[in-house]
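Asker: I have a structure I would like to understand better, so I am pasting it below and will then ask my questions one at a time.
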Amino acid sequence: MVKIEVKALNIWYDKHLAVKNLNLEIEANEILGIIGPSNSGKTSFLKTLNRLNELYPGTRTTGEVLLDQDNIFTAIDKHLLRKRVGIVFALPLPLPLSIFDNVAYGPRLHGVRKVDEIVEKALRAAAIWDEVKDRLHTNAFKLSGGQQQRLCIARTLAVEPEVILYDEPCSGLDPISTLKIEEAMQELKNNYTQILVTNNVKQAARASDRTAFFLMGELIEIGPTGELFTVPRDKRTEDYITGRFG
Amino acid sequence: MDARQKEKIAALALLLITLFVVTPVVLIFILVLVRGLPALTPEFLLAMPRDGMRAGGIWPAIVGTIYLTLGTALFSIPLGILAAIYLNEYAQRNWLTRVIELAIINLAGVPSIVYGLFGLGLFVTFLNMGASILAGSLTLAIMTLPVIITATREALGAVPRSFREVSFSLGASRWQTVRHVVLPNSIPGIITGAILGLSRAAGETAPILFTVAAFYLPRLPKSVYDQAMVLPYHIYVLSTQVPNVSVKIQYGTVLVLVGMVFIMNILASWLRARLRKRKTW
């Protein structure tokens, strides 16, 4: 089943065209890895999927993005869209609140009163419950970087999204923390569609079902991760994944 | 002369110049303290003035100043904070915003006597409030607004952008983000700025001259439509308008006003230090 369908998407920042005529489909419950050098449009694309790019003045898009057949620019309220399509940022960004309140922040926004169960469920799903269950009311900044990032995943899960976007979620983390996050992603596959933008080619190879390669705002190639990494169809993909440029 | 000697001379010269700059403040403070302190008796602070202000106390002027400062706070703090929230969180970068910002900058530069005359024209005469605590508070509030708006905007701007992005990413509206993320984290700066603005207002003379200040009113104000004695104007009256007032009373009155302003400033600094310690980011 197709979860997200992107048709002829262009993304501008003022006069700079960051993503050019992008067409792709994202299946429900898959992990789609997106790789590519800096300024290839990966993050711009990701942040367009929940219209977070609109926070930056001068951003403009044309084309269509359909979430369950509904156009996210016209048919879905942007606040509701962001509830359905959550994001985990590159750096762990806890709010200056307790661990508990960080996770409860989203549900409370959406009017949920009894948040205890949701918070526990989200922390468990993000594989951090056991590490924080005895200190839920301490400040989130007391956690290590890796723990903070899993807390942020829990915070995203707590609003019960359908799609989770990851924007280089492990860029500041050590290998063990990275591994824990990748394991958490595998656990989440049953219930969520996940899109992983990463600068780390190996991470895409490990974690994603399909991988897309972006270059200079264009989608060069997309395919099953096994195929793309062993028999890339495009020379540029091969150059990138073998580390010959980028 | 080698570089190290030059360095020593530069440091010494800069220190001396800085000391020179703060000398007037210190001198004023010492002078007021030495000459004013003997006047500070319970009677002086808590009694009505007598004998055409040559004897008795300054209680009505102290009360008037407090009322006026509270009134100013009541009008200027909410309006200032809301305007700052609009400008910092909502406003688009367009010509209207630029015009508003320019107006605020200019509002801060308007001489205080002009505020006094404006208050006289608008509140006292046109809106028929008469010379009253209400008219004086409103006049001082307008004068204080730019300070509070600017301080609030700085405090809001100091909250990391990423906090807002996180909030939006969870589906929050702009107001929810302001209410739950931006404001709680900028309150220390806002309060500090507001108190500093008010302490300026508490010492102003020109804006209250025509809008509230009573020359000699040996009773407490009965309502917001009443005139009131106010410390800055009282000082002006004592030192220029009434013959044969003892120096002790004059300095005592100055000391009380300086003391009140000083306490407000210390409170602001203390609050800022305390709340900053609590800040975790």
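Within each chain, counting starts at residue 1; across the structure tokens, chains are named A, B, ... in the order shown, with ligands numbered 1 upward in that order.
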Could you give me, as a tab-separated table, a per-residue list for chain B showing, wherever an atom lies at most 6 Å from an atom of chain A, the closest pair of atoms and their distance in Å to one decimal, using only C-alpha atoms and sorting by chain then residue number from low to high?

Answerer:
residue	atom	partner	partner_atom	distance
B:Ser169	CA	A:Arg82	CA	5.7
B:Leu170	CA	A:Gly106	CA	5.6
B:Gly171	CA	A:His79	CA	4.4

Asker: Output C-alpha atoms of each residue in that selection to a file, as a JSON list (two decimals), in the first residue's frame.

Answerer:
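Everything below was put into again.json:
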[["chain", "number", "residue", "atom", "x", "y", "z"],
["B", 169, "SER", "CA", 6.73, 19.68, 14.70],
["B", 170, "LEU", "CA", 4.44, 18.11, 17.29],
["B", 171, "GLY", "CA", 1.46, 19.89, 15.79]]

Asker: Which polymer residues have any atom within 8 Å of an atom of Leu45 in chain B, counting only C-alpha atoms, with same-chain residues fewer than 5 positions away left out, as an mmCIF file with C-alpha atoms, in the first residue's frame?

Answerer:
data_model
loop_
_atom_site.group_PDB
_atom_site.id
_atom_site.type_symbol
_atom_site.label_atom_id
_atom_site.label_comp_id
_atom_site.auth_asym_id
_atom_site.auth_seq_id
_atom_site.Cartn_x
_atom_site.Cartn_y
_atom_site.Cartn_z
ATOM 1 C CA LEU B 40 14.529 59.539 57.951
ATOM 2 C CA GLY B 57 6.290 63.944 56.602
ATOM 3 C CA ILE B 58 6.069 62.857 52.980
ATOM 4 C CA TRP B 59 3.684 59.904 53.365
ATOM 5 C CA ILE B 62 5.350 57.987 48.886
#

Asker: So which residues touch range 11-20 of chain A within 12 Å, counting only C-alpha atoms, skipping near sequence neighbours fewer than 4 positions away, as a PyMOL selection string?

Answerer: chain A and resi 6-7+38-49+51+53-65+214-220

Asker: So that I can see what lies close to Leu275 in chain B, please list as a short mmCIF file (atom, residue, chain, number, x, y, z; two decimals) with N, CA and C atoms, in the first residue's frame the residues with an atom at most 9 Å from it, counting only C-alpha atoms and leaving out residues fewer than 5 positions away in the same chain.

Answerer:
data_model
loop_
_atom_site.label_atom_id
_atom_site.label_comp_id
_atom_site.auth_asym_id
_atom_site.auth_seq_id
_atom_site.Cartn_x
_atom_site.Cartn_y
_atom_site.Cartn_z
N ILE B 187 10.38 34.48 30.64
CA ILE B 187 9.83 35.26 31.76
C ILE B 187 10.92 36.03 32.54
N PRO B 188 12.07 35.40 32.87
CA PRO B 188 13.08 36.16 33.63
C PRO B 188 13.46 37.46 32.95
N GLY B 189 13.76 37.39 31.67
CA GLY B 189 14.16 38.59 30.94
C GLY B 189 13.05 39.61 30.88
N TRP B 270 18.49 40.81 41.13
CA TRP B 270 18.43 39.60 41.94
C TRP B 270 17.56 38.55 41.26
#

Asker: Could you list, as a PDB file with N, CA, C and O atoms, in the first residue's frame, every residue within 12 Å of Asn265 in chain B, counting only C-alpha atoms and ignoring same-chain residues fewer than 2 positions away?

Answerer:
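part03.pdb was written with the following content:
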ATOM      1  N   ILE B 191      10.523  40.044  33.042  1.00  0.00           N
ATOM      2  CA  ILE B 191      10.311  40.670  34.355  1.00  0.00           C
ATOM      3  C   ILE B 191      11.398  41.697  34.635  1.00  0.00           C
ATOM      4  O   ILE B 191      11.132  42.832  35.058  1.00  0.00           O
ATOM      5  N   THR B 192      12.637  41.311  34.368  1.00  0.00           N
ATOM      6  CA  THR B 192      13.736  42.237  34.611  1.00  0.00           C
ATOM      7  C   THR B 192      13.560  43.519  33.820  1.00  0.00           C
ATOM      8  O   THR B 192      13.678  44.627  34.355  1.00  0.00           O
ATOM      9  N   GLY B 193      13.263  43.372  32.546  1.00  0.00           N
ATOM     10  CA  GLY B 193      13.071  44.547  31.700  1.00  0.00           C
ATOM     11  C   GLY B 193      11.927  45.413  32.189  1.00  0.00           C
ATOM     12  O   GLY B 193      12.022  46.642  32.207  1.00  0.00           O
ATOM     13  N   ALA B 194      10.847  44.756  32.607  1.00  0.00           N
ATOM     14  CA  ALA B 194       9.678  45.505  33.070  1.00  0.00           C
ATOM     15  C   ALA B 194      10.011  46.305  34.321  1.00  0.00           C
ATOM     16  O   ALA B 194       9.653  47.488  34.430  1.00  0.00           O
ATOM     17  N   ILE B 195      10.710  45.687  35.262  1.00  0.00           N
ATOM     18  CA  ILE B 195      11.039  46.405  36.504  1.00  0.00           C
ATOM     19  C   ILE B 195      11.962  47.590  36.206  1.00  0.00           C
ATOM     20  O   ILE B 195      11.777  48.696  36.737  1.00  0.00           O
ATOM     21  N   LEU B 196      12.945  47.376  35.335  1.00  0.00           N
ATOM     22  CA  LEU B 196      13.855  48.472  35.008  1.00  0.00           C
ATOM     23  C   LEU B 196      13.098  49.629  34.355  1.00  0.00           C
ATOM     24  O   LEU B 196      13.345  50.795  34.647  1.00  0.00           O
ATOM     25  N   GLY B 197      12.170  49.284  33.473  1.00  0.00           N
ATOM     26  CA  GLY B 197      11.353  50.317  32.836  1.00  0.00           C
ATOM     27  C   GLY B 197      10.539  51.081  33.857  1.00  0.00           C
ATOM     28  O   GLY B 197      10.440  52.310  33.812  1.00  0.00           O
ATOM     29  N   LEU B 198       9.955  50.344  34.816  1.00  0.00           N
ATOM     30  CA  LEU B 198       9.122  50.984  35.830  1.00  0.00           C
ATOM     31  C   LEU B 198       9.938  51.864  36.759  1.00  0.00           C
ATOM     32  O   LEU B 198       9.480  52.917  37.203  1.00  0.00           O
ATOM     33  N   SER B 199      11.162  51.424  37.049  1.00  0.00           N
ATOM     34  CA  SER B 199      11.973  52.233  37.962  1.00  0.00           C
ATOM     35  C   SER B 199      12.338  53.563  37.309  1.00  0.00           C
ATOM     36  O   SER B 199      12.443  54.583  37.989  1.00  0.00           O
ATOM     37  N   ARG B 200      12.505  53.550  35.997  1.00  0.00           N
ATOM     38  CA  ARG B 200      12.691  54.818  35.279  1.00  0.00           C
ATOM     39  C   ARG B 200      11.452  55.690  35.441  1.00  0.00           C
ATOM     40  O   ARG B 200      11.529  56.869  35.769  1.00  0.00           O
ATOM     41  N   ALA B 202       9.165  55.641  37.678  1.00  0.00           N
ATOM     42  CA  ALA B 202       8.899  56.086  39.042  1.00  0.00           C
ATOM     43  C   ALA B 202       9.615  57.399  39.354  1.00  0.00           C
ATOM     44  O   ALA B 202       9.166  58.183  40.180  1.00  0.00           O
ATOM     45  N   VAL B 258      15.363  57.976  45.643  1.00  0.00           N
ATOM     46  CA  VAL B 258      16.514  57.209  45.134  1.00  0.00           C
ATOM     47  C   VAL B 258      16.476  55.793  45.711  1.00  0.00           C
ATOM     48  O   VAL B 258      16.707  54.810  45.001  1.00  0.00           O
ATOM     49  N   GLY B 259      16.134  55.704  47.004  1.00  0.00           N
ATOM     50  CA  GLY B 259      16.068  54.396  47.649  1.00  0.00           C
ATOM     51  C   GLY B 259      15.033  53.501  46.986  1.00  0.00           C
ATOM     52  O   GLY B 259      15.298  52.328  46.717  1.00  0.00           O
ATOM     53  N   MET B 260      13.853  54.042  46.678  1.00  0.00           N
ATOM     54  CA  MET B 260      12.811  53.234  46.053  1.00  0.00           C
ATOM     55  C   MET B 260      13.257  52.711  44.689  1.00  0.00           C
ATOM     56  O   MET B 260      13.072  51.542  44.351  1.00  0.00           O
ATOM     57  N   VAL B 261      13.841  53.612  43.892  1.00  0.00           N
ATOM     58  CA  VAL B 261      14.303  53.221  42.559  1.00  0.00           C
ATOM     59  C   VAL B 261      15.419  52.176  42.669  1.00  0.00           C
ATOM     60  O   VAL B 261      15.450  51.180  41.944  1.00  0.00           O
ATOM     61  N   PHE B 262      16.295  52.436  43.641  1.00  0.00           N
ATOM     62  CA  PHE B 262      17.422  51.534  43.867  1.00  0.00           C
ATOM     63  C   PHE B 262      16.932  50.124  44.226  1.00  0.00           C
ATOM     64  O   PHE B 262      17.413  49.125  43.695  1.00  0.00           O
ATOM     65  N   ILE B 263      15.950  50.082  45.108  1.00  0.00           N
ATOM     66  CA  ILE B 263      15.405  48.778  45.520  1.00  0.00           C
ATOM     67  C   ILE B 263      14.816  48.039  44.319  1.00  0.00           C
ATOM     68  O   ILE B 263      15.027  46.839  44.130  1.00  0.00           O
ATOM     69  N   LEU B 267      16.120  44.518  42.955  1.00  0.00           N
ATOM     70  CA  LEU B 267      15.162  43.424  42.817  1.00  0.00           C
ATOM     71  C   LEU B 267      15.264  42.802  41.421  1.00  0.00           C
ATOM     72  O   LEU B 267      15.291  41.577  41.251  1.00  0.00           O
ATOM     73  N   ALA B 268      15.349  43.670  40.415  1.00  0.00           N
ATOM     74  CA  ALA B 268      15.442  43.174  39.042  1.00  0.00           C
ATOM     75  C   ALA B 268      16.706  42.339  38.850  1.00  0.00           C
ATOM     76  O   ALA B 268      16.669  41.248  38.274  1.00  0.00           O
ATOM     77  N   SER B 269      17.831  42.839  39.356  1.00  0.00           N
ATOM     78  CA  SER B 269      19.094  42.110  39.184  1.00  0.00           C
ATOM     79  C   SER B 269      19.052  40.775  39.920  1.00  0.00           C
ATOM     80  O   SER B 269      19.489  39.742  39.401  1.00  0.00           O
ATOM     81  N   TRP B 270      18.493  40.813  41.127  1.00  0.00           N
ATOM     82  CA  TRP B 270      18.428  39.603  41.943  1.00  0.00           C
ATOM     83  C   TRP B 270      17.564  38.552  41.263  1.00  0.00           C
ATOM     84  O   TRP B 270      17.935  37.382  41.151  1.00  0.00           O
ATOM     85  N   LEU B 271      16.420  39.008  40.758  1.00  0.00           N
ATOM     86  CA  LEU B 271      15.488  38.103  40.094  1.00  0.00           C
ATOM     87  C   LEU B 271      16.131  37.480  38.863  1.00  0.00           C
ATOM     88  O   LEU B 271      16.010  36.281  38.607  1.00  0.00           O
ATOM     89  N   ARG B 272      16.861  38.324  38.125  1.00  0.00           N
ATOM     90  CA  ARG B 272      17.497  37.832  36.905  1.00  0.00           C
ATOM     91  C   ARG B 272      18.526  36.760  37.256  1.00  0.00           C
ATOM     92  O   ARG B 272      18.576  35.709  36.637  1.00  0.00           O
TER      93      ARG B 272
END

Asker: Would you list the contacts of Gly121 in chain B as a PyMOL selection string, taking every protein, DNA or RNA residue within 12 Å and counting only C-alpha atoms, but skipping same-chain residues closer than 3 positions in sequence?

Answerer: chain B and resi 114-118+124-131+135-136+139+207+210-211

Asker: Keeping only all heavy atoms, write the selected residues as a tab-separated table (two decimals), in the first residue's frame.

Answerer:
chain	number	residue	atom	x	y	z
B	114	VAL	N	7.35	66.03	26.42
B	114	VAL	CA	6.38	65.88	25.34
B	114	VAL	C	5.31	64.85	25.72
B	114	VAL	O	4.13	65.04	25.45
B	114	VAL	CB	7.10	65.47	24.03
B	114	VAL	CG1	6.09	65.22	22.92
B	114	VAL	CG2	8.09	66.54	23.62
B	115	TYR	N	5.73	63.79	26.41
B	115	TYR	CA	4.75	62.83	26.92
B	115	TYR	C	3.79	63.53	27.89
B	115	TYR	O	2.59	63.27	27.88
B	115	TYR	CB	5.43	61.67	27.66
B	115	TYR	CG	6.04	60.65	26.74
B	115	TYR	CD1	7.42	60.53	26.61
B	115	TYR	CD2	5.23	59.80	26.00
B	115	TYR	CE1	7.97	59.60	25.77
B	115	TYR	CE2	5.78	58.86	25.16
B	115	TYR	CZ	7.16	58.77	25.04
B	115	TYR	OH	7.71	57.85	24.21
B	116	GLY	N	4.37	64.39	28.74
B	116	GLY	CA	3.55	65.10	29.71
B	116	GLY	C	2.47	65.93	29.02
B	116	GLY	O	1.29	65.89	29.38
B	117	LEU	N	2.88	66.65	27.97
B	117	LEU	CA	1.92	67.50	27.26
B	117	LEU	C	0.91	66.64	26.49
B	117	LEU	O	-0.27	66.96	26.42
B	117	LEU	CB	2.68	68.44	26.31
B	117	LEU	CG	3.50	69.50	27.04
B	117	LEU	CD1	4.44	70.22	26.08
B	117	LEU	CD2	2.59	70.49	27.76
B	118	PHE	N	1.39	65.54	25.94
B	118	PHE	CA	0.49	64.62	25.24
B	118	PHE	C	-0.56	64.07	26.21
B	118	PHE	O	-1.75	64.03	25.89
B	118	PHE	CB	1.31	63.48	24.64
B	118	PHE	CG	0.47	62.40	24.00
B	118	PHE	CD1	-0.11	62.59	22.76
B	118	PHE	CD2	0.25	61.20	24.66
B	118	PHE	CE1	-0.88	61.60	22.19
B	118	PHE	CE2	-0.52	60.20	24.09
B	118	PHE	CZ	-1.09	60.41	22.84
B	124	VAL	N	-6.09	64.07	30.19
B	124	VAL	CA	-6.63	65.04	31.15
B	124	VAL	C	-7.77	65.84	30.53
B	124	VAL	O	-8.86	65.94	31.09
B	124	VAL	CB	-5.52	65.98	31.65
B	124	VAL	CG1	-6.08	67.03	32.60
B	124	VAL	CG2	-4.42	65.18	32.33
B	125	THR	N	-7.51	66.35	29.31
B	125	THR	CA	-8.48	67.26	28.71
B	125	THR	C	-9.49	66.53	27.82
B	125	THR	O	-10.68	66.51	28.09
B	125	THR	CB	-7.76	68.34	27.87
B	125	THR	OG1	-6.70	68.86	28.67
B	125	THR	CG2	-8.71	69.44	27.47
B	126	PHE	N	-8.97	65.88	26.77
B	126	PHE	CA	-9.86	65.31	25.77
B	126	PHE	C	-10.72	64.18	26.35
B	126	PHE	O	-11.92	64.13	26.16
B	126	PHE	CB	-9.05	64.81	24.57
B	126	PHE	CG	-9.91	64.27	23.46
B	126	PHE	CD1	-10.66	65.15	22.67
B	126	PHE	CD2	-9.98	62.91	23.21
B	126	PHE	CE1	-11.46	64.66	21.65
B	126	PHE	CE2	-10.78	62.43	22.19
B	126	PHE	CZ	-11.52	63.31	21.41
B	127	LEU	N	-10.10	63.26	27.09
B	127	LEU	CA	-10.85	62.15	27.67
B	127	LEU	C	-11.42	62.52	29.04
B	127	LEU	O	-12.00	61.68	29.71
B	127	LEU	CB	-9.98	60.90	27.77
B	127	LEU	CG	-9.57	60.31	26.41
B	127	LEU	CD1	-8.62	59.14	26.60
B	127	LEU	CD2	-10.79	59.87	25.61
B	128	ASN	N	-11.19	63.76	29.42
B	128	ASN	CA	-11.87	64.30	30.59
B	128	ASN	C	-11.56	63.58	31.90
B	128	ASN	O	-12.40	63.51	32.78
B	128	ASN	CB	-13.38	64.26	30.35
B	128	ASN	CG	-14.03	65.54	30.86
B	128	ASN	OD1	-13.32	66.40	31.40
B	128	ASN	ND2	-15.33	65.66	30.71
B	129	MET	N	-10.36	63.04	32.00
B	129	MET	CA	-10.02	62.35	33.24
B	129	MET	C	-9.56	63.35	34.31
B	129	MET	O	-9.46	63.00	35.47
B	129	MET	CB	-8.87	61.36	33.00
B	129	MET	CG	-9.25	60.19	32.12
B	129	MET	SD	-7.78	59.19	31.80
B	129	MET	CE	-8.43	58.07	30.57
B	130	GLY	N	-9.27	64.57	33.89
B	130	GLY	CA	-8.72	65.53	34.83
B	130	GLY	C	-7.33	65.11	35.25
B	130	GLY	O	-6.84	64.05	34.85
B	131	ALA	N	-6.65	65.97	36.03
B	131	ALA	CA	-5.36	65.56	36.58
B	131	ALA	C	-5.65	64.49	37.62
B	131	ALA	O	-6.31	64.73	38.61
B	131	ALA	CB	-4.67	66.75	37.23
B	135	ALA	N	-4.83	59.30	34.72
B	135	ALA	CA	-4.20	60.01	33.61
B	135	ALA	C	-2.67	59.93	33.71
B	135	ALA	O	-1.97	59.70	32.72
B	135	ALA	CB	-4.65	61.46	33.57
B	136	GLY	N	-2.15	60.08	34.94
B	136	GLY	CA	-0.69	60.03	35.13
B	136	GLY	C	-0.15	58.64	34.82
B	136	GLY	O	0.89	58.50	34.17
B	139	THR	N	-0.10	58.07	31.10
B	139	THR	CA	0.97	58.84	30.45
B	139	THR	C	2.32	58.15	30.67
B	139	THR	O	3.10	57.95	29.73
B	139	THR	CB	1.03	60.26	31.03
B	139	THR	OG1	-0.28	60.83	30.95
B	139	THR	CG2	2.01	61.12	30.26
B	207	PRO	N	6.46	63.97	32.84
B	207	PRO	CA	5.18	63.40	32.38
B	207	PRO	C	4.06	63.55	33.41
B	207	PRO	O	2.89	63.50	33.05
B	207	PRO	CB	5.50	61.92	32.16
B	207	PRO	CG	6.97	61.86	32.04
B	207	PRO	CD	7.51	62.95	32.90
B	210	PHE	N	1.66	67.74	34.57
B	210	PHE	CA	0.32	68.25	34.25
B	210	PHE	C	-0.76	67.18	34.37
B	210	PHE	O	-1.92	67.45	34.19
B	210	PHE	CB	0.28	68.80	32.82
B	210	PHE	CG	1.47	69.62	32.46
B	210	PHE	CD1	2.35	69.17	31.49
B	210	PHE	CD2	1.71	70.83	33.09
B	210	PHE	CE1	3.45	69.92	31.15
B	210	PHE	CE2	2.81	71.57	32.76
B	210	PHE	CZ	3.70	71.12	31.79
B	211	THR	N	-0.34	65.93	34.59
B	211	THR	CA	-1.33	64.86	34.48
B	211	THR	C	-1.80	64.32	35.82
B	211	THR	O	-2.85	63.71	35.89
B	211	THR	CB	-0.77	63.69	33.65
B	211	THR	OG1	0.46	63.26	34.25
B	211	THR	CG2	-0.53	64.09	32.22

Asker: So which residues of range 142-213 of chain A fall under alpha helix (DSSP H) by DSSP, listed as a PyMOL selection string?

Answerer: chain A and resi 145-158+175-188+201-207

Asker: Restricting the calculation to only C-alpha atoms, which member of A:Val119, A:Pro37, A:Ser144, A:Gly226 is positioned closest to Arg244 in chain A?

Answerer: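 With only C-alpha atoms as the atom set, the closest residue is A:Pro37.
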
Asker: Extract, using only C-alpha atoms, all DNA, RNA and protein residues at most 8 Å from Tyr216 in chain B, discarding same-chain residues fewer than 2 positions from it, and format them as a ChimeraX atom specification.

Answerer: /B:52-53,214,218,229

Asker: Which residue, A:Ala125, A:Leu196, A:Ile34, A:Val201, has the smallest gap to Thr242 in chain A when you use only C-alpha atoms?

Answerer: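 Of A:Ala125, A:Leu196, A:Ile34, A:Val201, the one nearest Thr242 in chain A is A:Val201, counting only C-alpha atoms.
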
Asker: Write out as a ChimeraX atom specification the set of residues from range 44-250 of chain B that DSSP, computed on the backbone, places in strand (DSSP E).

Answerer: /B:49-50,55-56

Asker: Distance CA of Leu68 in chain B-CA of Thr152 in chain B, one decimal place?

Answerer: 21.9 Å

Asker: Using only C-alpha atoms, can you tell me which of B:Met1, B:Leu156, B:Val237, B:Leu107 comes closest to Leu87 in chain B?

Answerer: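 Comparing B:Met1, B:Leu156, B:Val237, B:Leu107 against Leu87 in chain B, the winner is B:Leu156.
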
Asker: Suppose you want the space between CA of Ile99 in chain A and CA of Asn199 in chain A; what is it in Å?

Answerer: 28.4 Å

Asker: Here is a test: counting only C-alpha atoms, which residue of B:Val166, B:Val34, B:Leu96, B:Ile105 is nearest to Asn102 in chain A?

Answerer: B:Val166
